[in-house]
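Participant: mmCIF, C-alpha atoms, file coords01.cif:
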```
data_protein
#
loop_
_atom_site.label_atom_id
_atom_site.label_comp_id
_atom_site.auth_asym_id
_atom_site.auth_seq_id
_atom_site.Cartn_x
_atom_site.Cartn_y
_atom_site.Cartn_z
CA MET A 1 20.40 263.59 165.26
CA GLU A 2 17.79 261.48 166.88
CA ILE A 3 17.70 261.00 170.64
CA ARG A 4 15.04 258.50 171.58
CA ALA A 5 15.65 258.72 175.31
CA LYS A 6 17.92 260.21 177.95
CA ALA A 7 17.14 259.86 181.65
CA TYR A 8 18.91 260.83 184.87
CA GLY A 9 17.97 258.28 187.49
CA GLY A 10 14.30 257.64 186.93
CA HIS A 11 13.66 261.07 185.42
CA ARG A 12 13.45 261.05 181.63
CA VAL A 13 14.82 264.38 180.38
CA LEU A 14 14.67 263.76 176.64
CA ASN A 15 11.97 261.66 175.13
CA GLY A 16 12.13 261.53 171.39
CA VAL A 17 14.10 264.45 169.97
CA ALA A 18 14.94 264.66 166.27
CA LEU A 19 16.93 267.49 164.75
CA GLY A 20 18.62 267.94 161.42
CA VAL A 21 20.99 270.87 160.86
CA TRP A 22 22.44 271.61 157.44
CA PRO A 23 25.36 273.70 156.15
CA GLY A 24 24.74 277.42 156.59
CA GLN A 25 21.80 276.86 158.91
CA LEU A 26 21.36 278.50 162.31
CA VAL A 27 19.11 276.69 164.76
CA GLY A 28 18.09 278.31 168.03
CA VAL A 29 16.90 276.03 170.81
CA VAL A 30 14.74 277.53 173.51
CA GLY A 31 13.13 276.05 176.59
CA GLU A 32 12.65 276.51 180.29
CA ASN A 33 15.36 275.87 182.83
CA GLY A 34 15.74 272.12 183.32
CA ALA A 35 14.05 271.31 180.02
CA GLY A 36 17.12 269.38 178.89
CA LYS A 37 18.66 271.88 176.44
CA SER A 38 22.22 271.48 177.73
CA THR A 39 21.78 267.71 177.97
CA MET A 40 20.69 267.64 174.34
CA LEU A 41 23.70 269.72 173.27
CA LYS A 42 26.11 267.52 175.27
CA ILE A 43 24.73 264.46 173.50
CA LEU A 44 25.11 266.27 170.16
CA ALA A 45 28.69 267.17 171.07
CA GLY A 46 29.50 263.62 172.09
CA THR A 47 30.41 264.46 175.69
CA LEU A 48 27.34 262.62 177.02
CA ALA A 49 25.81 259.38 175.78
CA ALA A 50 22.12 259.05 175.04
CA ASP A 51 20.32 256.02 176.46
CA ARG A 52 18.95 255.37 172.98
CA GLY A 53 19.43 257.21 169.72
CA GLU A 54 22.16 258.34 167.37
CA VAL A 55 24.04 261.43 166.23
CA ARG A 56 25.50 261.68 162.76
CA LEU A 57 28.06 264.37 162.03
CA GLY A 58 29.55 265.48 158.76
CA GLY A 59 32.71 267.59 159.19
CA THR A 60 34.49 269.09 162.18
CA LEU A 61 32.73 270.03 165.39
CA GLY A 62 33.13 272.94 167.81
CA TYR A 63 31.39 272.92 171.18
CA CYS A 64 31.16 275.76 173.69
CA PRO A 65 29.73 274.38 176.95
CA GLN A 66 27.63 276.54 179.24
CA GLU A 67 30.04 276.09 182.14
CA LEU A 68 33.51 277.60 181.81
CA VAL A 69 35.99 274.91 180.87
CA VAL A 70 39.31 276.74 181.06
CA SER A 71 42.43 276.19 183.14
CA GLU A 72 42.75 278.79 185.90
CA ASN A 73 46.54 278.58 185.93
CA LEU A 74 47.14 279.13 182.21
CA THR A 75 47.18 282.50 180.48
CA VAL A 76 44.87 283.39 177.60
CA GLY A 77 47.77 283.03 175.17
CA GLN A 78 48.65 279.61 176.56
CA HIS A 79 45.04 278.48 176.14
CA LEU A 80 45.06 279.57 172.52
CA ALA A 81 48.41 277.87 171.85
CA TYR A 82 47.32 274.69 173.60
CA PHE A 83 44.07 274.39 171.63
CA ALA A 84 45.78 275.38 168.37
CA ALA A 85 48.07 272.37 168.92
CA ALA A 86 45.05 270.18 169.74
CA TYR A 87 43.23 271.31 166.57
CA ARG A 88 46.50 270.93 164.62
CA LEU A 89 46.38 274.52 163.37
CA PRO A 90 49.48 275.80 161.61
CA SER A 91 49.36 279.23 163.25
CA LEU A 92 47.60 281.35 165.87
CA ARG A 93 46.47 283.96 163.34
CA ARG A 94 42.77 283.14 163.56
CA ALA A 95 42.98 282.84 167.35
CA ASP A 96 44.58 286.29 167.60
CA ARG A 97 41.97 287.76 165.26
CA LEU A 98 39.10 286.29 167.26
CA ALA A 99 40.63 287.61 170.50
CA GLU A 100 40.84 291.08 168.94
CA LEU A 101 37.29 290.98 167.60
CA LEU A 102 35.84 289.85 170.91
CA GLY A 103 37.88 292.46 172.78
CA PHE A 104 40.18 290.44 175.02
CA ALA A 105 43.49 290.50 173.14
CA GLU A 106 45.00 292.73 175.86
CA PHE A 107 44.51 289.90 178.38
CA ARG A 108 46.80 287.59 176.42
CA ASN A 109 49.34 287.28 179.24
CA VAL A 110 46.81 287.13 182.09
CA ILE A 111 45.97 283.81 183.71
CA ALA A 112 42.35 282.73 183.34
CA GLY A 113 41.88 282.50 187.10
CA VAL A 114 41.97 286.29 187.50
CA LEU A 115 40.10 287.28 184.33
CA PRO A 116 36.74 289.06 184.63
CA GLY A 117 33.79 286.67 184.19
CA GLY A 118 32.82 288.03 180.76
CA THR A 119 36.37 287.72 179.47
CA ARG A 120 36.60 284.15 180.67
CA GLN A 121 33.39 283.44 178.79
CA LYS A 122 34.90 284.98 175.64
CA LEU A 123 37.89 282.68 176.00
CA ASN A 124 35.54 279.74 176.56
CA LEU A 125 33.79 280.63 173.30
CA VAL A 126 36.91 281.25 171.23
CA LEU A 127 38.29 277.82 172.18
CA ALA A 128 35.32 276.34 170.30
CA LEU A 129 35.78 278.66 167.28
CA LEU A 130 39.54 278.42 166.74
CA HIS A 131 39.45 275.83 163.98
CA GLY A 132 36.44 277.22 162.09
CA PRO A 133 34.32 274.11 162.69
CA ASP A 134 31.76 272.87 160.18
CA VAL A 135 29.21 272.41 162.97
CA LEU A 136 29.22 274.76 165.95
CA LEU A 137 27.28 273.99 169.14
CA LEU A 138 26.88 276.92 171.52
CA ASP A 139 25.29 276.68 174.94
CA GLU A 140 24.36 280.24 175.98
CA PRO A 141 27.79 281.47 174.92
CA TYR A 142 27.48 285.23 175.52
CA GLN A 143 26.85 285.49 179.27
CA GLY A 144 28.65 288.57 180.59
CA PHE A 145 29.26 290.10 177.15
CA ASP A 146 28.71 293.82 176.78
CA TRP A 147 26.44 295.04 173.98
CA GLU A 148 29.15 295.77 171.42
CA ILE A 149 30.84 292.40 171.91
CA TYR A 150 27.46 290.71 171.82
CA LEU A 151 26.82 292.22 168.38
CA ARG A 152 30.29 291.20 167.20
CA PHE A 153 29.57 287.68 168.38
CA TRP A 154 26.55 287.59 166.09
CA ASP A 155 28.68 288.98 163.23
CA VAL A 156 31.06 286.06 163.72
CA VAL A 157 28.15 283.62 163.73
CA GLY A 158 26.77 285.28 160.57
CA ASP A 159 30.18 284.95 158.93
CA LEU A 160 30.29 281.25 159.79
CA ARG A 161 26.89 280.74 158.18
CA ILE A 162 28.01 282.53 155.02
CA ARG A 163 30.93 280.12 154.88
CA GLY A 164 28.51 277.20 155.02
CA LYS A 165 28.92 276.31 158.68
CA ALA A 166 25.99 275.00 160.68
CA VAL A 167 25.31 276.56 164.09
CA VAL A 168 23.10 275.32 166.92
CA ILE A 169 22.69 277.77 169.76
CA ILE A 170 20.83 277.46 173.02
CA THR A 171 19.26 280.71 174.03
CA HIS A 172 16.50 282.06 176.16
CA LEU A 173 16.66 285.69 175.10
CA VAL A 174 13.64 286.75 173.07
CA LEU A 175 15.89 289.26 171.30
CA GLU A 176 17.95 286.52 169.71
CA GLN A 177 15.09 284.40 168.60
CA GLY A 178 14.62 286.59 165.54
CA ARG A 179 18.20 285.83 164.46
CA SER A 180 17.61 282.12 164.16
CA GLY A 181 16.69 280.73 160.79
CA LEU A 182 14.99 277.97 162.68
CA LEU A 183 13.69 278.02 166.21
CA ALA A 184 13.02 274.87 168.19
CA ASP A 185 11.26 274.63 171.51
CA LEU A 186 12.32 271.92 173.94
CA ALA A 187 9.55 271.04 176.39
CA GLY A 188 8.45 267.82 178.02
CA GLY A 189 11.50 266.07 176.58
CA ARG A 190 10.40 266.80 173.00
CA LEU A 191 11.65 269.27 170.43
CA THR A 192 9.04 271.13 168.42
CA ARG A 193 9.32 273.77 165.72
CA ARG A 194 8.31 277.19 166.90
CA GLN A 195 8.84 279.14 163.71
CA LEU A 196 9.84 278.20 160.21
CA ALA A 197 11.92 280.58 158.14
CA LYS A 198 12.51 280.57 154.37
CA GLY A 199 10.99 277.15 153.92
CA GLU A 200 13.70 275.44 156.00
CA SER A 201 12.80 272.22 157.61
CA GLY A 202 14.45 269.77 159.96
CA VAL A 203 12.78 269.75 163.36
CA SER A 204 10.21 267.15 164.17
CA SER A 205 8.78 265.74 167.33
CA MET B 1 32.80 294.83 162.42
CA SER B 2 33.98 295.37 158.86
CA ALA B 3 33.90 292.89 156.00
CA ALA B 4 37.71 292.96 156.01
CA ASP B 5 37.73 291.89 159.66
CA LEU B 6 35.48 288.97 158.85
CA ALA B 7 37.51 288.05 155.80
CA ARG B 8 40.52 287.55 158.03
CA LEU B 9 38.51 285.04 160.05
CA ALA B 10 38.66 282.48 157.28
CA PRO B 11 38.87 278.99 158.79
CA PRO B 12 42.47 277.79 158.82
CA SER B 13 43.62 274.83 156.82
CA PRO B 14 44.88 271.82 158.78
CA GLY B 15 48.46 271.97 159.99
CA PRO B 16 51.33 269.48 159.83
CA SER B 17 50.36 265.89 159.30
CA SER B 18 52.30 264.66 162.37
CA PRO B 19 51.14 266.84 165.26
CA ALA B 20 51.86 264.35 168.06
CA PHE B 21 55.17 265.94 169.07
CA ARG B 22 53.71 269.46 168.98
CA GLN B 23 50.78 268.34 171.12
CA PHE B 24 53.11 266.56 173.52
CA ARG B 25 55.37 269.61 173.81
CA ALA B 26 52.40 271.90 174.50
CA ALA B 27 50.81 269.44 176.94
CA TRP B 28 54.10 268.91 178.79
CA ARG B 29 54.89 272.64 179.04
CA PHE B 30 51.45 273.55 180.30
CA ALA B 31 51.24 270.59 182.68
CA VAL B 32 54.48 271.77 184.31
CA ARG B 33 53.19 275.36 184.51
CA ASN B 34 49.92 274.16 185.96
CA GLN B 35 51.77 272.25 188.68
CA THR B 36 54.25 274.99 189.49
CA ARG B 37 51.55 277.64 189.90
CA ASN B 38 50.18 275.91 193.00
CA ARG B 39 51.13 278.56 195.54
CA LEU B 40 50.03 276.59 198.57
CA ALA B 41 52.24 273.66 197.58
CA GLY B 42 55.10 276.14 197.07
CA LEU B 43 54.58 277.65 200.51
CA LEU B 44 54.42 274.20 202.09
CA LEU B 45 57.71 273.33 200.43
CA ALA B 46 59.40 276.56 201.47
CA PHE B 47 58.22 276.66 205.07
CA PHE B 48 56.63 273.38 206.14
CA VAL B 49 59.56 271.12 205.21
CA PRO B 50 62.29 272.91 207.23
CA VAL B 51 59.92 273.67 210.13
CA TRP B 52 58.77 270.05 210.22
CA TYR B 53 62.38 268.82 210.26
CA LEU B 54 63.18 271.27 213.05
CA LEU B 55 60.19 270.32 215.20
CA MET B 56 60.61 266.58 214.72
CA LEU B 57 64.30 266.76 215.55
CA ALA B 58 63.59 268.88 218.64
CA ILE B 59 61.32 266.21 220.14
CA ALA B 60 63.36 263.20 219.04
CA GLY B 61 66.72 263.51 220.76
CA HIS B 62 69.73 261.45 219.72
CA GLN B 63 69.49 258.19 221.67
CA ARG B 64 70.59 254.98 219.94
CA LEU B 65 67.70 252.79 218.81
CA GLY B 66 67.80 249.30 217.40
CA PHE B 67 65.34 247.48 215.20
CA ARG B 68 65.34 244.28 213.22
CA LEU B 69 65.21 244.74 209.48
CA TYR B 70 63.02 241.89 208.32
CA ALA B 71 64.34 242.01 204.77
CA THR B 72 67.76 240.81 205.99
CA GLY B 73 67.06 239.69 209.53
CA GLN B 74 69.78 242.01 210.81
CA VAL B 75 69.41 244.17 213.89
CA LEU B 76 70.31 247.73 213.01
CA THR B 77 71.21 250.43 215.50
CA VAL B 78 70.56 253.99 214.42
CA ASP B 79 70.42 257.52 215.78
CA ALA B 80 66.79 258.27 216.71
CA GLY B 81 67.17 261.86 215.50
CA HIS B 82 68.31 260.75 212.06
CA LEU B 83 65.51 258.21 211.82
CA THR B 84 63.04 260.93 212.81
CA LEU B 85 64.39 263.29 210.15
CA ILE B 86 64.00 260.66 207.45
CA SER B 87 60.45 259.98 208.66
CA ALA B 88 59.71 263.72 208.65
CA GLY B 89 60.97 264.01 205.07
CA LEU B 90 58.88 261.05 203.93
CA ASN B 91 55.88 262.43 205.74
CA SER B 92 56.26 265.87 204.11
CA LEU B 93 56.60 264.34 200.65
CA THR B 94 53.50 262.18 200.92
CA ILE B 95 51.37 265.18 201.82
CA ILE B 96 52.89 267.84 199.55
CA VAL B 97 53.32 265.76 196.39
CA GLY B 98 50.03 263.90 196.88
CA PHE B 99 48.16 267.14 197.50
CA ALA B 100 49.79 269.11 194.66
CA VAL B 101 49.21 266.42 192.05
CA PHE B 102 45.66 265.68 193.23
CA ALA B 103 44.72 269.38 193.15
CA ALA B 104 46.23 269.89 189.68
CA ILE B 105 44.57 266.81 188.18
CA CYS B 106 41.22 267.43 189.87
CA LYS B 107 41.06 271.02 188.64
CA THR B 108 42.07 270.26 185.08
CA LEU B 109 40.06 267.10 184.47
CA ALA B 110 37.27 268.84 182.53
CA PHE B 111 39.85 270.95 180.70
CA GLY B 112 41.75 267.81 179.70
CA LYS B 113 38.56 266.22 178.40
CA ARG B 114 37.90 269.35 176.34
CA LEU B 115 41.40 269.14 174.88
CA VAL B 116 40.85 265.50 173.92
CA PHE B 117 37.53 266.48 172.40
CA ALA B 118 39.35 269.19 170.42
CA GLY B 119 41.66 266.60 168.92
CA CYS B 120 44.51 266.20 171.39
CA ARG B 121 45.45 262.53 171.58
CA GLN B 122 44.52 261.05 174.93
CA ALA B 123 47.71 258.98 175.10
CA THR B 124 49.81 262.09 174.35
CA LEU B 125 48.06 264.10 177.05
CA ILE B 126 48.38 261.33 179.66
CA ALA B 127 52.05 260.76 178.79
CA ALA B 128 52.87 264.48 179.04
CA LYS B 129 51.05 264.87 182.37
CA THR B 130 52.61 261.73 183.81
CA LEU B 131 56.08 262.87 182.79
CA ALA B 132 55.47 266.34 184.26
CA ILE B 133 54.32 264.76 187.54
CA ALA B 134 57.35 262.44 187.64
CA VAL B 135 59.80 265.30 187.02
CA LEU B 136 58.16 267.54 189.60
CA ALA B 137 57.96 264.74 192.17
CA ALA B 138 61.66 264.03 191.67
CA ALA B 139 62.48 267.74 191.97
CA VAL B 140 60.50 268.04 195.21
CA ALA B 141 62.26 264.93 196.54
CA CYS B 142 65.64 266.52 195.69
CA TYR B 143 64.64 269.71 197.47
CA THR B 144 63.43 267.82 200.57
CA ALA B 145 66.63 265.76 200.65
CA GLY B 146 68.64 268.97 200.19
CA VAL B 147 66.95 270.71 203.13
CA LEU B 148 67.73 267.64 205.21
CA LEU B 149 71.44 268.51 204.92
CA ALA B 150 70.84 271.59 207.07
CA PHE B 151 70.02 269.24 209.98
CA TRP B 152 72.10 266.16 209.26
CA ARG B 153 75.14 265.38 207.08
CA PRO B 154 74.94 261.63 206.46
CA GLY B 155 77.76 261.36 203.89
CA LEU B 156 77.32 261.07 200.13
CA ALA B 157 76.28 257.40 199.99
CA GLY B 158 73.85 257.84 202.87
CA TRP B 159 72.39 261.00 201.36
CA LEU B 160 71.97 259.35 197.98
CA GLY B 161 70.16 256.49 199.72
CA VAL B 162 67.85 258.97 201.42
CA LEU B 163 67.34 260.80 198.12
CA GLY B 164 66.45 257.52 196.43
CA GLY B 165 63.90 256.72 199.12
CA PHE B 166 62.45 260.23 198.97
CA THR B 167 62.18 260.01 195.16
CA VAL B 168 60.41 256.67 195.31
CA ILE B 169 57.86 257.87 197.87
CA ALA B 170 57.33 261.16 195.96
CA LEU B 171 56.63 259.21 192.77
CA THR B 172 54.36 256.81 194.67
CA TYR B 173 52.28 259.59 196.18
CA GLY B 174 52.33 261.55 192.91
CA SER B 175 50.77 258.47 191.31
CA LEU B 176 48.26 258.22 194.15
CA GLY B 177 47.36 261.91 193.68
CA LEU B 178 46.94 261.28 189.95
CA LEU B 179 44.67 258.31 190.56
CA LEU B 180 42.56 260.10 193.16
CA GLY B 181 42.36 263.22 190.97
CA VAL B 182 40.69 261.10 188.31
CA VAL B 183 38.38 258.95 190.44
CA VAL B 184 37.45 261.24 193.36
CA ASN B 185 35.20 264.19 192.60
CA ASN B 186 35.32 265.94 195.94
CA ASP B 187 38.38 267.93 197.12
CA VAL B 188 37.88 267.09 200.80
CA GLU B 189 37.57 263.36 200.11
CA GLY B 190 40.74 263.43 198.04
CA PHE B 191 42.78 265.31 200.64
CA PHE B 192 41.48 263.02 203.40
CA LEU B 193 42.49 259.91 201.44
CA ILE B 194 45.95 261.33 200.72
CA ILE B 195 46.55 262.26 204.37
CA MET B 196 45.29 258.91 205.66
CA GLY B 197 47.25 257.02 203.00
CA GLY B 198 50.36 259.02 203.85
CA LEU B 199 50.01 258.33 207.56
CA MET B 200 49.51 254.61 206.99
CA GLY B 201 52.32 254.39 204.49
CA THR B 202 54.90 256.24 206.51
CA PHE B 203 54.06 255.01 210.01
CA LEU B 204 53.02 251.38 209.66
CA GLN B 205 56.37 250.49 208.13
CA ASN B 206 58.32 252.93 210.23
CA PRO B 207 60.56 251.63 213.04
CA LEU B 208 59.36 254.62 215.09
CA GLY B 209 55.71 253.69 214.74
CA ALA B 210 55.80 249.90 214.38
CA ALA B 211 57.15 249.09 217.81
CA HIS B 212 55.62 245.98 219.40
CA ARG B 213 53.38 245.42 216.39
CA SER B 214 52.95 242.40 214.24
CA PRO B 215 55.78 241.89 211.76
CA ALA B 216 53.14 241.47 209.09
CA LEU B 217 52.40 245.17 209.35
CA GLY B 218 55.86 246.35 208.53
CA SER B 219 59.31 245.50 207.34
CA ALA B 220 60.93 246.34 210.65
CA ARG B 221 60.14 246.61 214.35
CA TRP B 222 61.81 247.58 217.56
CA GLN B 223 64.08 244.96 218.98
CA ARG B 224 65.08 246.71 222.17
CA ARG B 225 64.70 243.53 224.15
CA SER B 226 66.86 241.47 221.82
CA ILE B 227 69.50 244.20 221.85
CA ARG B 228 69.47 244.31 225.64
CA ARG B 229 69.67 240.54 225.69
CA GLY B 230 72.56 240.68 223.26
CA ARG B 231 74.36 243.22 225.39
CA ARG B 232 73.82 241.12 228.54
CA SER B 233 75.15 237.98 226.86
CA ALA B 234 78.12 239.92 225.49
CA ALA B 235 78.85 241.29 228.99
CA SER B 236 78.66 237.83 230.57
#
```
What is this structure when it is put down as structure tokens?
Facilitator:
Amino acid sequence: MEIRAKAYGGHRVLNGVALGVWPGQLVGVVGENGAGKSTMLKILAGTLAADRGEVRLGGTLGYCPQELVVSENLTVGQHLAYFAAAYRLPSLRRADRLAELLGFAEFRNVIAGVLPGGTRQKLNLVLALLHGPDVLLLDEPYQGFDWEIYLRFWDVVGDLRIRGKAVVIITHLVLEQGRSGLLADLAGGRLTRRQLAKGESGVSS
Amino acid sequence: MSAADLARLAPPSPGPSSPAFRQFRAAWRFAVRNQTRNRLAGLLLAFFVPVWYLLMLAIAGHQRLGFRLYATGQVLTVDAGHLTLISAGLNSLTIIVGFAVFAAICKTLAFGKRLVFAGCRQATLIAAKTLAIAVLAAAVACYTAGVLLAFWRPGLAGWLGVLGGFTVIALTYGSLGLLLGVVVNNDVEGFFLIIMGGLMGTFLQNPLGAAHRSPALGSARWQRRSIRRGRRSAAS
């Protein structure tokens, strides 16, 4: 991905960002509030257009936005069925398993509008994971998770990496920064490498 | 989490090669559920419609009123109470259907985009939602025409005519709600436009509201004078 420029009004948020993510790689993106992390991920996901630049994707994509994008009037089960149809999945087996692992299977028949905030966030996340995407983009996906579920979330991410999936995650928790194979710092509209692990490369300014 | 748990998380293989019908069925079912879970619209249907009929009829009376129908040039004489009831039904439908569809579309716009992003065909999603809106608008029109029978029994042909008119206006304002739900971001702006559009649509062309106005504004207008003149000439 290379984003040469993205501006809102006269304010240039991204100003020359280049990032390459490869199968099995986990990239953590950190930066202050308003640095443009979510904007960068939206451009990567294809839900927002860059003013200049390009994104090249190999394989399927899963995107978990920071804001909750669920339907308040549909139950958890209906969400899973709806997205399984959208992803053209033959069954709901993986969806059910993810709901069990992230601890919200018992809310299957509850409409999203009355779910606790953390459970809604779990649903928001699972909708991006249902099809086992080759590239997974996560924008602070664990808000409201309790500790055990938070650890399970990282187990799921680890499992995806083992299966050769690439993961880009926006985070601002110092705790998580050690989990990333590659850590990139977004500041002043530019992405710079903060730490390089195991000789991996791919971030340049 | 055990290794066995993770093993069962293996990414699924793609499903049937022709998923359009499955996507349409899911989109249609959930669009209907989304619409029918609007409690405020349900309450408006259950209570507002009969109360509105009752109130409008109470202030209307049953005097005979005449107006010229510009489509045919004929002067029609009708019961003011019946005309008021039809206007009340039209008025209820513009607000309830317009509001219900606008609210449903507005709230699910981002969700719909996410579904399209996930692989749901845009045309399939739009077709399913449009069909759901059409069916619900027709059902609400049937209900409103049915409640009308508690206040007025116009005969089968007359009732079917009223039902047809109610269905057309429900579909029209359902479409307006759909359009506004897509192009207007703010709830208040959308509701204001629906209410103002409903008022203009139901009153400018209404014999009750178009009296002494330019014919260009409506298809009919009061012709009390011409009727009186007609009566005088008939008497002489």
Participant: Pull out every residue that the PyMOL selection byres ((chain A and resi 139) around 8) matches in the shown coordinates and put them as a ChimeraX atom specification.
Facilitator: /A:38,41,64-66,137-138,140-141,169-171
Participant: Could you state the separation of atom CA of A:Gly164 and atom CA of B:Phe111 in Å, given to one decimal place?
Facilitator: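 Separation between atom CA of A:Gly164 and atom CA of B:Phe111: 28.8 Å.
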Participant: Name the residues that the PyMOL selection byres ((chain A) within 9 of (chain B)) picks from the file above, as a PyMOL selection string, using the file's chain letters and numbers.
Facilitator: chain A and resi 45-47+61-63+69-74+78+81-83+85-91+93-95+97-98+101+127-128+130-133+151-152+155-156+159-160+163
Participant: Just to be explicit: take each residue in the selection above, keep C-alpha atoms, and write the result as a PDB file, keeping the file's coordinate frame.
Facilitator:
```
ATOM      1  CA  ALA A  45      28.690 267.170 171.070  1.00  0.00           C
ATOM      2  CA  GLY A  46      29.500 263.620 172.090  1.00  0.00           C
ATOM      3  CA  THR A  47      30.410 264.460 175.690  1.00  0.00           C
ATOM      4  CA  LEU A  61      32.730 270.030 165.390  1.00  0.00           C
ATOM      5  CA  GLY A  62      33.130 272.940 167.810  1.00  0.00           C
ATOM      6  CA  TYR A  63      31.390 272.920 171.180  1.00  0.00           C
ATOM      7  CA  VAL A  69      35.990 274.910 180.870  1.00  0.00           C
ATOM      8  CA  VAL A  70      39.310 276.740 181.060  1.00  0.00           C
ATOM      9  CA  SER A  71      42.430 276.190 183.140  1.00  0.00           C
ATOM     10  CA  GLU A  72      42.750 278.790 185.900  1.00  0.00           C
ATOM     11  CA  ASN A  73      46.540 278.580 185.930  1.00  0.00           C
ATOM     12  CA  LEU A  74      47.140 279.130 182.210  1.00  0.00           C
ATOM     13  CA  GLN A  78      48.650 279.610 176.560  1.00  0.00           C
ATOM     14  CA  ALA A  81      48.410 277.870 171.850  1.00  0.00           C
ATOM     15  CA  TYR A  82      47.320 274.690 173.600  1.00  0.00           C
ATOM     16  CA  PHE A  83      44.070 274.390 171.630  1.00  0.00           C
ATOM     17  CA  ALA A  85      48.070 272.370 168.920  1.00  0.00           C
ATOM     18  CA  ALA A  86      45.050 270.180 169.740  1.00  0.00           C
ATOM     19  CA  TYR A  87      43.230 271.310 166.570  1.00  0.00           C
ATOM     20  CA  ARG A  88      46.500 270.930 164.620  1.00  0.00           C
ATOM     21  CA  LEU A  89      46.380 274.520 163.370  1.00  0.00           C
ATOM     22  CA  PRO A  90      49.480 275.800 161.610  1.00  0.00           C
ATOM     23  CA  SER A  91      49.360 279.230 163.250  1.00  0.00           C
ATOM     24  CA  ARG A  93      46.470 283.960 163.340  1.00  0.00           C
ATOM     25  CA  ARG A  94      42.770 283.140 163.560  1.00  0.00           C
ATOM     26  CA  ALA A  95      42.980 282.840 167.350  1.00  0.00           C
ATOM     27  CA  ARG A  97      41.970 287.760 165.260  1.00  0.00           C
ATOM     28  CA  LEU A  98      39.100 286.290 167.260  1.00  0.00           C
ATOM     29  CA  LEU A 101      37.290 290.980 167.600  1.00  0.00           C
ATOM     30  CA  LEU A 127      38.290 277.820 172.180  1.00  0.00           C
ATOM     31  CA  ALA A 128      35.320 276.340 170.300  1.00  0.00           C
ATOM     32  CA  LEU A 130      39.540 278.420 166.740  1.00  0.00           C
ATOM     33  CA  HIS A 131      39.450 275.830 163.980  1.00  0.00           C
ATOM     34  CA  GLY A 132      36.440 277.220 162.090  1.00  0.00           C
ATOM     35  CA  PRO A 133      34.320 274.110 162.690  1.00  0.00           C
ATOM     36  CA  LEU A 151      26.820 292.220 168.380  1.00  0.00           C
ATOM     37  CA  ARG A 152      30.290 291.200 167.200  1.00  0.00           C
ATOM     38  CA  ASP A 155      28.680 288.980 163.230  1.00  0.00           C
ATOM     39  CA  VAL A 156      31.060 286.060 163.720  1.00  0.00           C
ATOM     40  CA  ASP A 159      30.180 284.950 158.930  1.00  0.00           C
ATOM     41  CA  LEU A 160      30.290 281.250 159.790  1.00  0.00           C
ATOM     42  CA  ARG A 163      30.930 280.120 154.880  1.00  0.00           C
TER      43      ARG A 163
END
```
Participant: Written as a ChimeraX atom specification, what is the full residue list that the PyMOL selection byres ((chain B and resi 178) around 10) yields on the file shown?
Facilitator: /B:98-106,129-130,133,172-177,179-183
Participant: Output the selection as an mmCIF file, in the coordinates of the input - C-alpha atoms for each residue.
Facilitator:
```cif
data_model
loop_
_atom_site.group_PDB
_atom_site.id
_atom_site.type_symbol
_atom_site.label_atom_id
_atom_site.label_comp_id
_atom_site.auth_asym_id
_atom_site.auth_seq_id
_atom_site.Cartn_x
_atom_site.Cartn_y
_atom_site.Cartn_z
ATOM 1 C CA GLY B 98 50.030 263.900 196.880
ATOM 2 C CA PHE B 99 48.160 267.140 197.500
ATOM 3 C CA ALA B 100 49.790 269.110 194.660
ATOM 4 C CA VAL B 101 49.210 266.420 192.050
ATOM 5 C CA PHE B 102 45.660 265.680 193.230
ATOM 6 C CA ALA B 103 44.720 269.380 193.150
ATOM 7 C CA ALA B 104 46.230 269.890 189.680
ATOM 8 C CA ILE B 105 44.570 266.810 188.180
ATOM 9 C CA CYS B 106 41.220 267.430 189.870
ATOM 10 C CA LYS B 129 51.050 264.870 182.370
ATOM 11 C CA THR B 130 52.610 261.730 183.810
ATOM 12 C CA ILE B 133 54.320 264.760 187.540
ATOM 13 C CA THR B 172 54.360 256.810 194.670
ATOM 14 C CA TYR B 173 52.280 259.590 196.180
ATOM 15 C CA GLY B 174 52.330 261.550 192.910
ATOM 16 C CA SER B 175 50.770 258.470 191.310
ATOM 17 C CA LEU B 176 48.260 258.220 194.150
ATOM 18 C CA GLY B 177 47.360 261.910 193.680
ATOM 19 C CA LEU B 179 44.670 258.310 190.560
ATOM 20 C CA LEU B 180 42.560 260.100 193.160
ATOM 21 C CA GLY B 181 42.360 263.220 190.970
ATOM 22 C CA VAL B 182 40.690 261.100 188.310
ATOM 23 C CA VAL B 183 38.380 258.950 190.440
#
```
Participant: Please report the interatomic distance between atom CA of B:Ala88 and atom CA of B:Phe203 in Å with one decimal.
Facilitator: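 These atoms are spaced 10.5 Å apart.
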Participant: I'd like the interatomic distance between atom CA of A:Asp96 and atom CA of B:Thr124, to a tenth of an Å.
Facilitator: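 Interatomic distance, atom CA of A:Asp96 to atom CA of B:Thr124: 25.7 Å.
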Participant: In the coordinates of the file, take the point (64.7, 270.8, 202.4) and a cut-off of 9 Å; then, counting all atoms listed in the file, name each qualifying protein, DNA or RNA residue as a list in words.
Facilitator: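 Result, sorted by chain then residue number: Leu45, Ala46, Val49, Pro50, Tyr53, Gly89, Val140, Ala141, Cys142, Tyr143, Thr144, Ala145, Gly146, Val147, Leu148, Leu149 and Ala150 of chain B.
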Participant: Select, from B:Ile86, B:Ala157, B:Val97, B:Leu65, the residue with the minimum atom-to-atom distance to B:Ala137, counting all atoms listed in the file.
Facilitator: B:Val97
Participant: Would you mind telling me which residue in B:Thr77, B:Gly61, B:Ile96, B:Trp28 lies nearest to B:Phe47 when using only C-alpha atoms?
Facilitator: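 Looking only at the distances to B:Phe47, the closest residue turns out to be B:Ile96.
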